[in-house]
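Source file: target39.cif (mmCIF, C-alpha atoms)
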data_structure
loop_
_atom_site.group_PDB
_atom_site.id
_atom_site.type_symbol
_atom_site.label_atom_id
_atom_site.label_comp_id
_atom_site.auth_asym_id
_atom_site.auth_seq_id
_atom_site.Cartn_x
_atom_site.Cartn_y
_atom_site.Cartn_z
ATOM 1 C CA MET V 1 4.491 2.104 -11.993
ATOM 2 C CA SER V 2 1.881 -0.368 -10.728
ATOM 3 C CA SER V 3 -0.180 0.384 -7.629
ATOM 4 C CA ILE V 4 1.818 -2.253 -5.726
ATOM 5 C CA GLY V 5 5.085 -0.550 -6.655
ATOM 6 C CA THR V 6 3.759 2.838 -5.584
ATOM 7 C CA THR V 7 2.590 1.408 -2.263
ATOM 8 C CA LEU V 8 5.990 -0.179 -1.621
ATOM 9 C CA LEU V 9 7.817 3.075 -2.354
ATOM 10 C CA ASN V 10 5.552 4.995 0.010
ATOM 11 C CA ILE V 11 6.197 2.495 2.799
ATOM 12 C CA LEU V 12 9.956 2.576 2.293
ATOM 13 C CA ARG V 13 9.975 6.376 2.316
ATOM 14 C CA SER V 14 8.366 6.279 5.762
ATOM 15 C CA VAL V 15 11.315 4.578 7.504
ATOM 16 C CA GLU V 16 12.336 6.625 10.523
ATOM 17 C CA ARG V 17 15.680 7.474 8.948
ATOM 18 C CA PRO V 18 17.993 6.067 6.285
ATOM 19 C CA GLY V 19 20.819 3.708 7.079
ATOM 20 C CA ASP V 20 21.035 0.461 8.993
ATOM 21 C CA PHE V 21 22.087 -0.696 12.469
ATOM 22 C CA CYS V 22 25.554 -1.663 11.263
ATOM 23 C CA THR V 23 27.913 -1.147 8.356
ATOM 24 C CA GLY V 24 31.338 -2.432 7.357
ATOM 25 C CA GLY V 25 33.600 -4.083 4.835
ATOM 26 C CA ILE V 26 37.171 -4.280 3.565
ATOM 27 C CA ARG V 27 38.928 -1.046 2.601
ATOM 28 C CA GLU V 28 42.260 -0.398 0.869
ATOM 29 C CA ILE V 29 44.051 2.487 2.590
ATOM 30 C CA PHE V 30 47.417 4.115 3.116
ATOM 31 C CA MET V 31 48.448 2.241 6.248
ATOM 32 C CA PRO V 32 49.184 4.384 9.295
ATOM 33 C CA THR V 33 52.264 4.132 11.457
ATOM 34 C CA ILE V 34 51.426 2.601 14.834
ATOM 35 C CA ASP V 35 53.900 2.732 17.713
ATOM 36 C CA VAL V 36 53.179 0.927 20.975
ATOM 37 C CA ASP V 37 55.123 1.493 24.188
ATOM 38 C CA GLY V 38 57.194 -1.577 24.988
ATOM 39 C CA VAL V 39 56.748 -3.050 21.511
ATOM 40 C CA GLY V 40 57.875 -0.419 19.002
ATOM 41 C CA ARG V 41 56.503 0.236 15.539
ATOM 42 C CA LEU V 42 54.141 -2.460 14.280
ATOM 43 C CA ALA V 43 54.687 -4.242 10.983
ATOM 44 C CA PHE V 44 51.800 -5.265 8.736
ATOM 45 C CA PRO V 45 50.767 -7.991 8.650
ATOM 46 C CA ILE V 46 51.569 -8.144 12.351
ATOM 47 C CA LEU V 47 54.620 -10.315 13.060
ATOM 48 C CA PRO V 48 54.165 -13.256 15.481
ATOM 49 C CA VAL V 49 56.926 -11.917 17.738
ATOM 50 C CA GLN V 50 55.176 -8.538 17.934
ATOM 51 C CA ALA V 51 51.861 -10.224 18.675
ATOM 52 C CA GLU V 52 53.528 -11.996 21.598
ATOM 53 C CA ARG V 53 55.001 -8.729 22.879
ATOM 54 C CA LEU V 54 51.633 -6.999 22.615
ATOM 55 C CA ALA V 55 49.972 -9.734 24.663
ATOM 56 C CA ALA V 56 52.797 -9.488 27.214
ATOM 57 C CA ILE V 57 52.437 -5.724 27.796
ATOM 58 C CA ALA V 58 48.628 -5.699 27.536
ATOM 59 C CA GLU V 59 46.144 -6.233 30.339
ATOM 60 C CA ALA V 60 43.101 -8.461 30.460
ATOM 61 C CA ALA V 61 40.161 -6.555 29.005
ATOM 62 C CA PRO V 62 37.224 -6.117 31.419
ATOM 63 C CA HIS V 63 33.530 -5.901 30.611
ATOM 64 C CA GLY V 64 30.499 -4.283 32.168
ATOM 65 C CA ARG V 65 28.287 -6.213 34.572
ATOM 66 C CA GLY V 66 25.471 -3.962 35.676
ATOM 67 C CA GLU V 67 27.114 -0.866 37.091
ATOM 68 C CA GLU V 68 30.383 -2.720 37.704
ATOM 69 C CA THR V 69 33.397 -3.316 35.459
ATOM 70 C CA VAL V 70 34.851 -6.773 35.990
ATOM 71 C CA VAL V 71 37.341 -9.181 34.439
ATOM 72 C CA ASP V 72 35.723 -12.539 33.696
ATOM 73 C CA ARG V 73 37.669 -14.794 31.339
ATOM 74 C CA GLU V 74 34.570 -16.934 30.776
ATOM 75 C CA VAL V 75 32.819 -13.922 29.226
ATOM 76 C CA ARG V 76 35.671 -12.043 27.618
ATOM 77 C CA ARG V 77 39.108 -13.395 26.853
ATOM 78 C CA THR V 78 40.788 -10.414 25.210
ATOM 79 C CA TRP V 79 43.858 -8.270 25.795
ATOM 80 C CA GLN V 80 43.756 -4.483 25.678
ATOM 81 C CA VAL V 81 46.373 -1.737 25.357
ATOM 82 C CA ASP V 82 45.354 1.673 26.658
ATOM 83 C CA SER V 83 45.206 4.489 24.107
ATOM 84 C CA ALA V 84 47.842 6.435 26.070
ATOM 85 C CA LYS V 85 50.395 3.767 25.082
ATOM 86 C CA VAL V 86 49.515 3.824 21.371
ATOM 87 C CA ARG V 87 50.482 6.480 18.832
ATOM 88 C CA ILE V 88 48.842 6.398 15.419
ATOM 89 C CA GLY V 89 50.236 8.647 12.695
ATOM 90 C CA GLY V 90 51.311 8.896 9.089
ATOM 91 C CA CYS V 91 50.766 11.683 6.569
ATOM 92 C CA HIS V 92 47.555 10.092 5.230
ATOM 93 C CA TRP V 93 46.005 8.828 8.466
ATOM 94 C CA GLU V 94 43.987 11.910 9.383
ATOM 95 C CA LYS V 95 42.320 11.948 5.956
ATOM 96 C CA THR V 96 41.817 8.171 5.985
ATOM 97 C CA LEU V 97 40.181 8.202 9.404
ATOM 98 C CA ALA V 98 37.908 11.090 8.402
ATOM 99 C CA ALA V 99 36.758 9.105 5.352
ATOM 100 C CA LEU V 100 36.016 6.028 7.479
ATOM 101 C CA VAL V 101 34.042 8.114 9.971
ATOM 102 C CA ALA V 102 32.068 9.734 7.136
ATOM 103 C CA ASP V 103 31.245 6.314 5.673
ATOM 104 C CA THR V 104 30.226 5.144 9.137
ATOM 105 C CA ALA V 105 27.800 8.037 9.549
ATOM 106 C CA LEU V 106 26.373 7.435 6.065
ATOM 107 C CA GLY V 107 25.928 3.711 6.645
ATOM 108 C CA LEU V 108 24.209 4.302 9.986
ATOM 109 C CA GLY V 109 21.946 6.982 8.545
ATOM 110 C CA VAL V 110 23.344 9.926 10.517
ATOM 111 C CA SER V 111 23.534 13.283 8.729
ATOM 112 C CA GLU V 112 24.789 15.411 11.619
ATOM 113 C CA PRO V 113 28.515 16.060 12.220
ATOM 114 C CA VAL V 114 30.199 13.205 14.095
ATOM 115 C CA ALA V 115 33.710 12.439 15.332
ATOM 116 C CA ALA V 116 35.552 9.304 16.457
ATOM 117 C CA ASP V 117 37.886 9.126 19.462
ATOM 118 C CA PHE V 118 40.480 6.364 19.700
ATOM 119 C CA TYR V 119 39.567 4.214 22.705
ATOM 120 C CA LYS V 120 41.919 1.241 22.863
ATOM 121 C CA LEU V 121 43.912 -1.360 20.950
ATOM 122 C CA LEU V 122 42.535 -4.882 21.330
ATOM 123 C CA VAL V 123 44.631 -8.023 20.919
ATOM 124 C CA TYR V 124 42.870 -11.318 20.237
ATOM 125 C CA ASP V 125 45.306 -14.231 20.312
ATOM 126 C CA ALA V 126 44.378 -17.873 19.760
ATOM 127 C CA GLY V 127 41.425 -18.754 21.958
ATOM 128 C CA SER V 128 40.315 -15.159 22.511
ATOM 129 C CA PHE V 129 36.615 -14.263 22.263
ATOM 130 C CA PHE V 130 33.909 -11.952 23.607
ATOM 131 C CA VAL V 131 30.379 -13.284 24.154
ATOM 132 C CA ASP V 132 27.162 -11.340 23.479
ATOM 133 C CA HIS V 133 27.236 -7.863 25.029
ATOM 134 C CA ARG V 134 26.304 -4.222 24.505
ATOM 135 C CA ASP V 135 28.660 -1.258 24.632
ATOM 136 C CA THR V 136 28.163 1.466 27.219
ATOM 137 C CA GLU V 137 28.297 5.208 26.538
ATOM 138 C CA LYS V 138 31.909 6.176 27.222
ATOM 139 C CA VAL V 139 31.818 9.824 26.108
ATOM 140 C CA PRO V 140 28.926 12.343 25.907
ATOM 141 C CA GLY V 141 26.954 11.943 22.701
ATOM 142 C CA MET V 142 28.410 8.515 21.892
ATOM 143 C CA PHE V 143 25.994 6.480 19.766
ATOM 144 C CA ALA V 144 28.185 3.941 17.962
ATOM 145 C CA THR V 145 31.395 1.924 18.035
ATOM 146 C CA MET V 146 33.798 1.696 15.103
ATOM 147 C CA VAL V 147 36.306 -1.145 14.825
ATOM 148 C CA ILE V 148 39.277 -1.225 12.448
ATOM 149 C CA VAL V 149 40.876 -4.672 12.081
ATOM 150 C CA LEU V 150 44.521 -4.329 11.081
ATOM 151 C CA PRO V 151 46.264 -6.714 8.632
ATOM 152 C CA SER V 152 47.116 -9.908 10.479
ATOM 153 C CA THR V 153 47.168 -13.612 9.724
ATOM 154 C CA HIS V 154 44.418 -15.310 11.701
ATOM 155 C CA SER V 155 41.305 -17.421 11.418
ATOM 156 C CA GLY V 156 38.043 -17.061 13.296
ATOM 157 C CA GLY V 157 37.208 -13.839 15.097
ATOM 158 C CA GLU V 158 34.123 -12.939 13.053
ATOM 159 C CA LEU V 159 32.137 -9.993 14.382
ATOM 160 C CA VAL V 160 28.453 -10.844 14.911
ATOM 161 C CA ILE V 161 25.984 -7.963 15.348
ATOM 162 C CA LYS V 162 22.341 -8.533 16.336
ATOM 163 C CA HIS V 163 19.365 -6.203 16.375
ATOM 164 C CA LEU V 164 15.605 -6.861 16.575
ATOM 165 C CA GLY V 165 15.838 -10.450 15.376
ATOM 166 C CA ARG V 166 18.360 -9.731 12.614
ATOM 167 C CA GLU V 167 21.947 -10.964 12.659
ATOM 168 C CA VAL V 168 24.885 -9.785 10.552
ATOM 169 C CA VAL V 169 28.183 -11.683 10.495
ATOM 170 C CA LEU V 170 31.230 -9.701 9.333
ATOM 171 C CA ASP V 171 34.530 -11.387 8.499
ATOM 172 C CA LEU V 172 36.947 -8.456 8.655
ATOM 173 C CA ARG V 173 40.127 -10.301 7.711
ATOM 174 C CA ALA V 174 41.977 -8.390 5.000
ATOM 175 C CA GLU V 175 43.794 -10.314 2.287
ATOM 176 C CA GLU V 176 46.416 -7.644 1.536
ATOM 177 C CA PRO V 177 48.819 -5.657 3.777
ATOM 178 C CA SER V 178 47.312 -2.449 2.369
ATOM 179 C CA GLN V 179 43.790 -3.382 3.449
ATOM 180 C CA VAL V 180 41.861 -3.117 6.702
ATOM 181 C CA GLY V 181 38.511 -4.451 7.767
ATOM 182 C CA PHE V 182 36.202 -1.923 9.332
ATOM 183 C CA ALA V 183 32.807 -2.097 10.992
ATOM 184 C CA ALA V 184 30.558 0.283 12.867
ATOM 185 C CA PHE V 185 27.365 -0.396 14.784
ATOM 186 C CA TYR V 186 24.997 1.340 17.161
ATOM 187 C CA ALA V 187 26.125 0.958 20.755
ATOM 188 C CA ASP V 188 22.792 -0.511 21.857
ATOM 189 C CA CYS V 189 23.183 -3.485 19.488
ATOM 190 C CA VAL V 190 24.157 -6.841 20.943
ATOM 191 C CA HIS V 191 27.388 -8.105 19.409
ATOM 192 C CA GLU V 192 30.070 -10.718 19.903
ATOM 193 C CA VAL V 193 33.503 -11.704 18.620
ATOM 194 C CA ARG V 194 33.758 -15.389 17.794
ATOM 195 C CA PRO V 195 36.798 -17.308 19.068
ATOM 196 C CA ILE V 196 40.131 -16.910 17.313
ATOM 197 C CA THR V 197 41.242 -20.353 16.158
ATOM 198 C CA THR V 198 44.717 -19.486 14.852
ATOM 199 C CA GLY V 199 46.958 -16.433 14.705
ATOM 200 C CA CYS V 200 46.277 -12.990 16.157
ATOM 201 C CA ARG V 201 43.544 -10.423 15.472
ATOM 202 C CA LEU V 202 44.505 -6.799 16.102
ATOM 203 C CA ALA V 203 41.781 -4.144 16.277
ATOM 204 C CA LEU V 204 41.601 -0.386 16.858
ATOM 205 C CA VAL V 205 38.404 0.618 18.672
ATOM 206 C CA TYR V 206 36.851 4.095 18.361
ATOM 207 C CA ASN V 207 33.944 5.761 20.145
ATOM 208 C CA VAL V 208 31.738 7.533 17.574
ATOM 209 C CA HIS V 209 29.857 10.546 18.933
ATOM 210 C CA PHE V 210 28.072 13.709 17.860
ATOM 211 C CA VAL V 211 30.097 16.887 17.640
ATOM 212 C CA GLY V 212 28.972 19.389 20.282
ATOM 213 C CA LYS V 213 25.858 17.432 21.264
ATOM 214 C CA LYS V 214 25.129 15.069 24.109
ATOM 215 C CA ARG V 215 22.015 13.367 22.797
ATOM 216 C CA ALA V 216 22.088 9.607 22.350
ATOM 217 C CA LEU V 217 20.807 7.790 19.271
ATOM 218 C CA LYS V 218 19.578 4.226 19.117
ATOM 219 C CA ALA V 219 19.636 1.807 16.213
ATOM 220 C CA PRO V 220 16.721 2.208 13.779
ATOM 221 C CA ASP V 221 13.594 0.130 14.282
ATOM 222 C CA TYR V 222 11.937 -0.952 11.021
ATOM 223 C CA ARG V 223 9.612 -3.645 12.381
ATOM 224 C CA GLU V 224 6.410 -1.804 11.446
ATOM 225 C CA GLU V 225 7.628 -1.151 7.893
ATOM 226 C CA HIS V 226 8.757 -4.775 7.654
ATOM 227 C CA MET V 227 5.284 -6.118 8.459
ATOM 228 C CA ARG V 228 3.622 -3.724 6.007
ATOM 229 C CA VAL V 229 6.022 -4.675 3.192
ATOM 230 C CA VAL V 230 5.492 -8.403 3.833
ATOM 231 C CA LYS V 231 1.728 -7.882 3.569
ATOM 232 C CA VAL V 232 2.050 -5.950 0.308
ATOM 233 C CA LEU V 233 4.412 -8.508 -1.252
ATOM 234 C CA ARG V 234 2.159 -11.414 -0.331
ATOM 235 C CA SER V 235 -0.791 -9.575 -1.860
ATOM 236 C CA TRP V 236 1.231 -8.959 -5.031
ATOM 237 C CA ALA V 237 2.325 -12.602 -5.254
ATOM 238 C CA GLY V 238 -1.303 -13.718 -5.167
ATOM 239 C CA ALA V 239 -2.634 -11.158 -7.648
ATOM 240 C CA GLU V 240 -3.217 -12.126 -11.286
ATOM 241 C CA ASP V 241 -3.479 -8.620 -12.747
ATOM 242 C CA GLU V 242 -0.136 -7.370 -11.426
ATOM 243 C CA PRO V 243 3.233 -7.549 -13.266
ATOM 244 C CA ASP V 244 5.616 -10.437 -12.594
ATOM 245 C CA LYS V 245 8.449 -8.054 -11.747
ATOM 246 C CA LEU V 246 8.669 -4.750 -9.883
ATOM 247 C CA ILE V 247 11.502 -2.238 -10.216
ATOM 248 C CA LEU V 248 12.074 0.069 -7.251
ATOM 249 C CA PRO V 249 14.608 2.800 -8.117
ATOM 250 C CA LEU V 250 17.488 3.578 -5.748
ATOM 251 C CA GLU V 251 18.362 7.129 -4.754
ATOM 252 C CA HIS V 252 22.127 6.834 -5.339
ATOM 253 C CA ALA V 253 24.022 5.896 -8.509
ATOM 254 C CA TYR V 254 26.249 2.796 -8.402
ATOM 255 C CA THR V 255 28.837 1.262 -10.711
ATOM 256 C CA PRO V 256 28.733 -2.462 -11.574
ATOM 257 C CA ALA V 257 31.757 -3.050 -9.318
ATOM 258 C CA GLU V 258 30.094 -1.576 -6.226
ATOM 259 C CA LEU V 259 26.559 -2.866 -6.764
ATOM 260 C CA SER V 260 25.920 -5.038 -3.708
ATOM 261 C CA PHE V 261 23.577 -4.891 -0.751
ATOM 262 C CA SER V 262 26.506 -4.263 1.611
ATOM 263 C CA ALA V 263 27.626 -1.224 -0.425
ATOM 264 C CA LEU V 264 24.279 0.583 -0.532
ATOM 265 C CA LYS V 265 24.251 4.109 0.861
ATOM 266 C CA GLY V 266 21.945 6.190 3.018
ATOM 267 C CA ALA V 267 18.242 5.724 2.310
ATOM 268 C CA ASP V 268 19.052 2.847 -0.078
ATOM 269 C CA ALA V 269 20.623 0.899 2.800
ATOM 270 C CA GLY V 270 17.582 1.545 4.967
ATOM 271 C CA SER V 271 15.191 0.375 2.256
ATOM 272 C CA ALA V 272 17.274 -2.723 1.566
ATOM 273 C CA SER V 273 17.357 -3.668 5.248
ATOM 274 C CA VAL V 274 13.544 -3.829 5.144
ATOM 275 C CA LEU V 275 13.176 -5.425 1.705
ATOM 276 C CA VAL V 276 15.727 -8.236 2.139
ATOM 277 C CA GLU V 277 13.991 -9.703 5.181
ATOM 278 C CA ALA V 278 10.466 -8.982 3.943
ATOM 279 C CA ALA V 279 11.048 -10.554 0.518
ATOM 280 C CA ALA V 280 12.378 -13.731 2.093
ATOM 281 C CA GLU V 281 9.372 -13.938 4.424
ATOM 282 C CA ALA V 282 6.952 -13.350 1.534
ATOM 283 C CA ASP V 283 8.747 -15.942 -0.629
ATOM 284 C CA CYS V 284 9.750 -13.371 -3.252
ATOM 285 C CA ASP V 285 13.081 -13.021 -5.055
ATOM 286 C CA LEU V 286 15.010 -9.783 -4.569
ATOM 287 C CA HIS V 287 17.908 -8.672 -6.772
ATOM 288 C CA LEU V 288 20.008 -5.580 -7.377
ATOM 289 C CA ALA V 289 20.358 -4.603 -11.021
ATOM 290 C CA LEU V 290 21.542 -1.800 -13.259
ATOM 291 C CA VAL V 291 18.712 -0.801 -15.606
ATOM 292 C CA SER V 292 19.098 1.281 -18.747
ATOM 293 C CA ILE V 293 16.226 2.707 -20.771
ATOM 294 C CA GLU V 294 16.607 3.151 -24.520
ATOM 295 C CA GLU V 295 14.219 4.686 -27.040
ATOM 296 C CA SER V 296 14.415 4.130 -30.763
ATOM 297 C CA GLY V 297 12.377 5.142 -33.793
ATOM 298 C CA SER V 298 12.255 7.655 -36.612
ATOM 299 C CA ALA V 299 11.822 11.371 -36.079
ATOM 300 C CA GLU V 300 8.558 12.940 -37.220
ATOM 301 C CA HIS V 301 8.612 15.873 -39.653
ATOM 302 C CA THR V 302 6.696 18.796 -38.128
ATOM 303 C CA GLY V 303 6.740 20.923 -41.274
ATOM 304 C CA TYR V 304 8.423 24.011 -39.794
ATOM 305 C CA TYR V 305 11.718 25.138 -38.259
ATOM 306 C CA ARG V 306 12.292 27.534 -35.424
ATOM 307 C CA ARG V 307 15.586 28.892 -34.152
ATOM 308 C CA ARG V 308 16.192 27.828 -30.538
ATOM 309 C CA ARG V 309 18.862 28.767 -28.065
#
Translate this structure into structure tokens?
Amino acid sequence: MSSIGTTLLNILRSVERPGDFCTGGIREIFMPTIDVDGVGRLAFPILPVQAERLAAIAEAAPHGRGEETVVDREVRRTWQVDSAKVRIGGCHWEKTLAALVADTALGLGVSEPVAADFYKLLVYDAGSFFVDHRDTEKVPGMFATMVIVLPSTHSGGELVIKHLGREVVLDLRAEEPSQVGFAAFYADCVHEVRPITTGCRLALVYNVHFVGKKRALKAPDYREEHMRVVKVLRSWAGAEDEPDKLILPLEHAYTPAELSFSALKGADAGSASVLVEAAAEADCDLHLALVSIEESGSAEHTGYYRRRR
């Protein structure tokens, strides 16, 4: 590997921890059964009549303002149903939730045991939104929020997550009744839900916390690594004795179907979060690729044979 490639790998290995400040996507699952007091068992996609009943039995969702909790419809126009009124079950749900929590921890770069507690059911009808805000710690050891968007016909409602000058926009609308959109992000990240233009967006919200520990954890800060990588890439782009292409190996193995920046795992996700922004700033192209190495030629006769195990 060239000296530039070695330098880049050393910088990327120095990130404070693997993972990124948010993770998410669309997931096919065995749908749970969800019963809501005053509404009954929900159908998926959510029926318009059930969406109306949910809004009728829900209360206006508040938000934090300093040390106060207030209802301000100019800041947050959302309906909430308390977790005590919602029962989530099904023979596969416990396993499904555990898998989502494990993927959340992996995507956020957390290797310690974590758990997720159901917090509330949120109902976003047409016109609903939530402007930029940060989540507060609701249980000891909470460091992240996980959102599961249930199958429903709607438009708008994208989740926007911001951290240290970066912005990620997640459209969590599932195309099939057997799919959900899920996202998780560090609680100290600013985020918003864009206005719903049509239909109804239904979301389960979970508090993600460490098991048996009370310490908080903030989103990773890769600004120093970002500046160093930009400097190295600019130096490489201006050098005449360096190769035109660099290959930086990933730690995990991926299939062609799952090879995308959003599907990278652990340390790979952390490295990509630095490289994507740095490459753009240094005017370099960055791609993911599957590389195979083949060797061909004739075998050489050594002149003797030895039995080997």
Neighbours of region 145-160 of chain V within 7 Å (all atoms listed in the file; same-chain residues fewer than 6 positions away dropped), as a ChimeraX atom specification?
/V:44-46,167-172,174,177,179-187,191-208
As lines of an AutoDock Vina configuration file: centre and edge lengths in Å, one decimal, of the axis-aligned box holding region 138-148 of chain V with 5 Å per side:
center_x = 32.6
center_y = 5.6
center_z = 19.8
size_x = 23.3
size_y = 23.6
size_z = 24.8
Closest of V:Asp188, V:Glu176, V:Glu242, V:Glu281 to Asp221 (chain V) - atom-to-atom distances counting only C-alpha atoms:
V:Asp188
Straight-line distance linking CA of Met227 (chain V) with CA of Ile11 (chain V), stated in Å to one decimal:
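Straight-line distance from CA of Met227 (chain V) to CA of Ile11 (chain V) works out to 10.3 Å.
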Which one of V:Thr104, V:His133, V:Cys91, V:Asp125 sits closest to Pro62 (chain V) if you count only C-alpha atoms?
V:His133
Sel. within 6 Å of pt (39.6, -10.6, 26.2), counting only C-alpha atoms, output as an MDAnalysis selection string
chainID V and resid 60:61 76:79 128
Which value, in Å to one decimal, gives the distance between CA of Leu250 (chain V) and CA of Glu112 (chain V)?
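Answer for the CA of Leu250 (chain V) to CA of Glu112 (chain V) separation: 22.2 Å.
The space between CA of Arg166 (chain V) and CA of Glu258 (chain V) spans 23.6 Å.
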Determine the residue set returned by the PyMOL selection byres ((chain V and resi 85) around 12) for the present structure, and present it as an NGL selection string.
:V and (34-41 or 54 or 57-58 or 80-84 or 86-88 or 118-121)
For Cys22 (chain V), which of V:Val230, V:Val110, V:Val211, V:Leu248 is the closest residue, counting all atoms listed in the file?
V:Val110
Using all atoms listed in the file: which of V:Ala257, V:Val49, V:Cys189, V:Leu217 has the shortest distance to Phe21 (chain V)
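Residue with the minimum atom-to-atom distance to Phe21 (chain V): V:Cys189.
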Which one is closest to Thr33 (chain V): V:Ser3, V:Gly89, V:Gly165, V:Phe261? Count all atoms listed in the file.
V:Gly89
Do a neighbour search on Asp285 (chain V) at 10 Å with only C-alpha atoms, toss out local chain neighbours closer than 4 positions, and write the hits as number ranges by chain.
V: 245, 276, 279-280
What residues come out when you apply the PyMOL selection byres ((chain V and resi 94) around 12) to this file, written as a list in words?
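Matching residues under the PyMOL selection byres ((chain V and resi 94) around 12) are Ile29, Phe30, Met31, Pro32, Thr33, Ile88, Gly89, Gly90, Cys91, His92, Trp93, Lys95, Thr96, Leu97, Ala98, Ala99, Leu100, Val101, Ala115 and Ala116 of chain V.
Evaluated against this file, the PyMOL selection byres ((chain V and resi 4) around 9) yields Met1, Ser2, Ser3, Gly5, Thr6, Thr7, Leu8, Leu9, Val232, Leu233, Ser235, Trp236, Glu242 and Leu246 of chain V.
Of the residues listed (V:Gly238, V:Ser262, V:Phe130, V:Gln50), V:Phe130 shows the shortest atom-to-atom separation from Val71 (chain V); distances use all atoms listed in the file.
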Can you take the partial region 64-80 of chain V, add N, CA and C atoms, and return it as a PDB file, in the frame of the given file?
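What follows is the written file result16.pdb:
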ATOM      1  N   GLY V  64      31.475  -4.810  31.237  1.00  0.00           N
ATOM      2  CA  GLY V  64      30.499  -4.283  32.168  1.00  0.00           C
ATOM      3  C   GLY V  64      29.553  -5.350  32.673  1.00  0.00           C
ATOM      4  N   ARG V  65      29.271  -5.317  33.976  1.00  0.00           N
ATOM      5  CA  ARG V  65      28.287  -6.213  34.572  1.00  0.00           C
ATOM      6  C   ARG V  65      27.430  -5.346  35.486  1.00  0.00           C
ATOM      7  N   GLY V  66      26.277  -4.937  34.950  1.00  0.00           N
ATOM      8  CA  GLY V  66      25.471  -3.962  35.676  1.00  0.00           C
ATOM      9  C   GLY V  66      26.216  -2.637  35.741  1.00  0.00           C
ATOM     10  N   GLU V  67      26.384  -2.114  36.923  1.00  0.00           N
ATOM     11  CA  GLU V  67      27.114  -0.866  37.091  1.00  0.00           C
ATOM     12  C   GLU V  67      28.588  -1.105  37.379  1.00  0.00           C
ATOM     13  N   GLU V  68      28.996  -2.373  37.413  1.00  0.00           N
ATOM     14  CA  GLU V  68      30.383  -2.720  37.704  1.00  0.00           C
ATOM     15  C   GLU V  68      31.159  -3.007  36.426  1.00  0.00           C
ATOM     16  N   THR V  69      32.497  -2.902  36.528  1.00  0.00           N
ATOM     17  CA  THR V  69      33.397  -3.316  35.459  1.00  0.00           C
ATOM     18  C   THR V  69      34.272  -4.422  36.016  1.00  0.00           C
ATOM     19  N   VAL V  70      34.172  -5.606  35.436  1.00  0.00           N
ATOM     20  CA  VAL V  70      34.851  -6.773  35.990  1.00  0.00           C
ATOM     21  C   VAL V  70      35.649  -7.483  34.907  1.00  0.00           C
ATOM     22  N   VAL V  71      36.591  -8.307  35.342  1.00  0.00           N
ATOM     23  CA  VAL V  71      37.341  -9.181  34.439  1.00  0.00           C
ATOM     24  C   VAL V  71      36.842 -10.596  34.658  1.00  0.00           C
ATOM     25  N   ASP V  72      36.243 -11.176  33.636  1.00  0.00           N
ATOM     26  CA  ASP V  72      35.723 -12.539  33.696  1.00  0.00           C
ATOM     27  C   ASP V  72      36.145 -13.243  32.415  1.00  0.00           C
ATOM     28  N   ARG V  73      37.105 -14.135  32.517  1.00  0.00           N
ATOM     29  CA  ARG V  73      37.669 -14.794  31.339  1.00  0.00           C
ATOM     30  C   ARG V  73      36.711 -15.786  30.707  1.00  0.00           C
ATOM     31  N   GLU V  74      35.591 -16.088  31.383  1.00  0.00           N
ATOM     32  CA  GLU V  74      34.570 -16.934  30.776  1.00  0.00           C
ATOM     33  C   GLU V  74      33.667 -16.128  29.852  1.00  0.00           C
ATOM     34  N   VAL V  75      33.653 -14.809  30.033  1.00  0.00           N
ATOM     35  CA  VAL V  75      32.819 -13.922  29.226  1.00  0.00           C
ATOM     36  C   VAL V  75      33.647 -13.229  28.152  1.00  0.00           C
ATOM     37  N   ARG V  76      34.823 -12.767  28.557  1.00  0.00           N
ATOM     38  CA  ARG V  76      35.671 -12.043  27.618  1.00  0.00           C
ATOM     39  C   ARG V  76      37.130 -12.452  27.828  1.00  0.00           C
ATOM     40  N   ARG V  77      37.682 -13.062  26.807  1.00  0.00           N
ATOM     41  CA  ARG V  77      39.108 -13.395  26.853  1.00  0.00           C
ATOM     42  C   ARG V  77      39.788 -12.557  25.771  1.00  0.00           C
ATOM     43  N   THR V  78      40.193 -11.368  26.141  1.00  0.00           N
ATOM     44  CA  THR V  78      40.788 -10.414  25.210  1.00  0.00           C
ATOM     45  C   THR V  78      41.832  -9.593  25.954  1.00  0.00           C
ATOM     46  N   TRP V  79      42.852  -9.155  25.220  1.00  0.00           N
ATOM     47  CA  TRP V  79      43.858  -8.270  25.795  1.00  0.00           C
ATOM     48  C   TRP V  79      43.656  -6.860  25.265  1.00  0.00           C
ATOM     49  N   GLN V  80      43.915  -5.866  26.097  1.00  0.00           N
ATOM     50  CA  GLN V  80      43.756  -4.483  25.678  1.00  0.00           C
ATOM     51  C   GLN V  80      44.994  -3.661  26.017  1.00  0.00           C
TER      52      GLN V  80
END
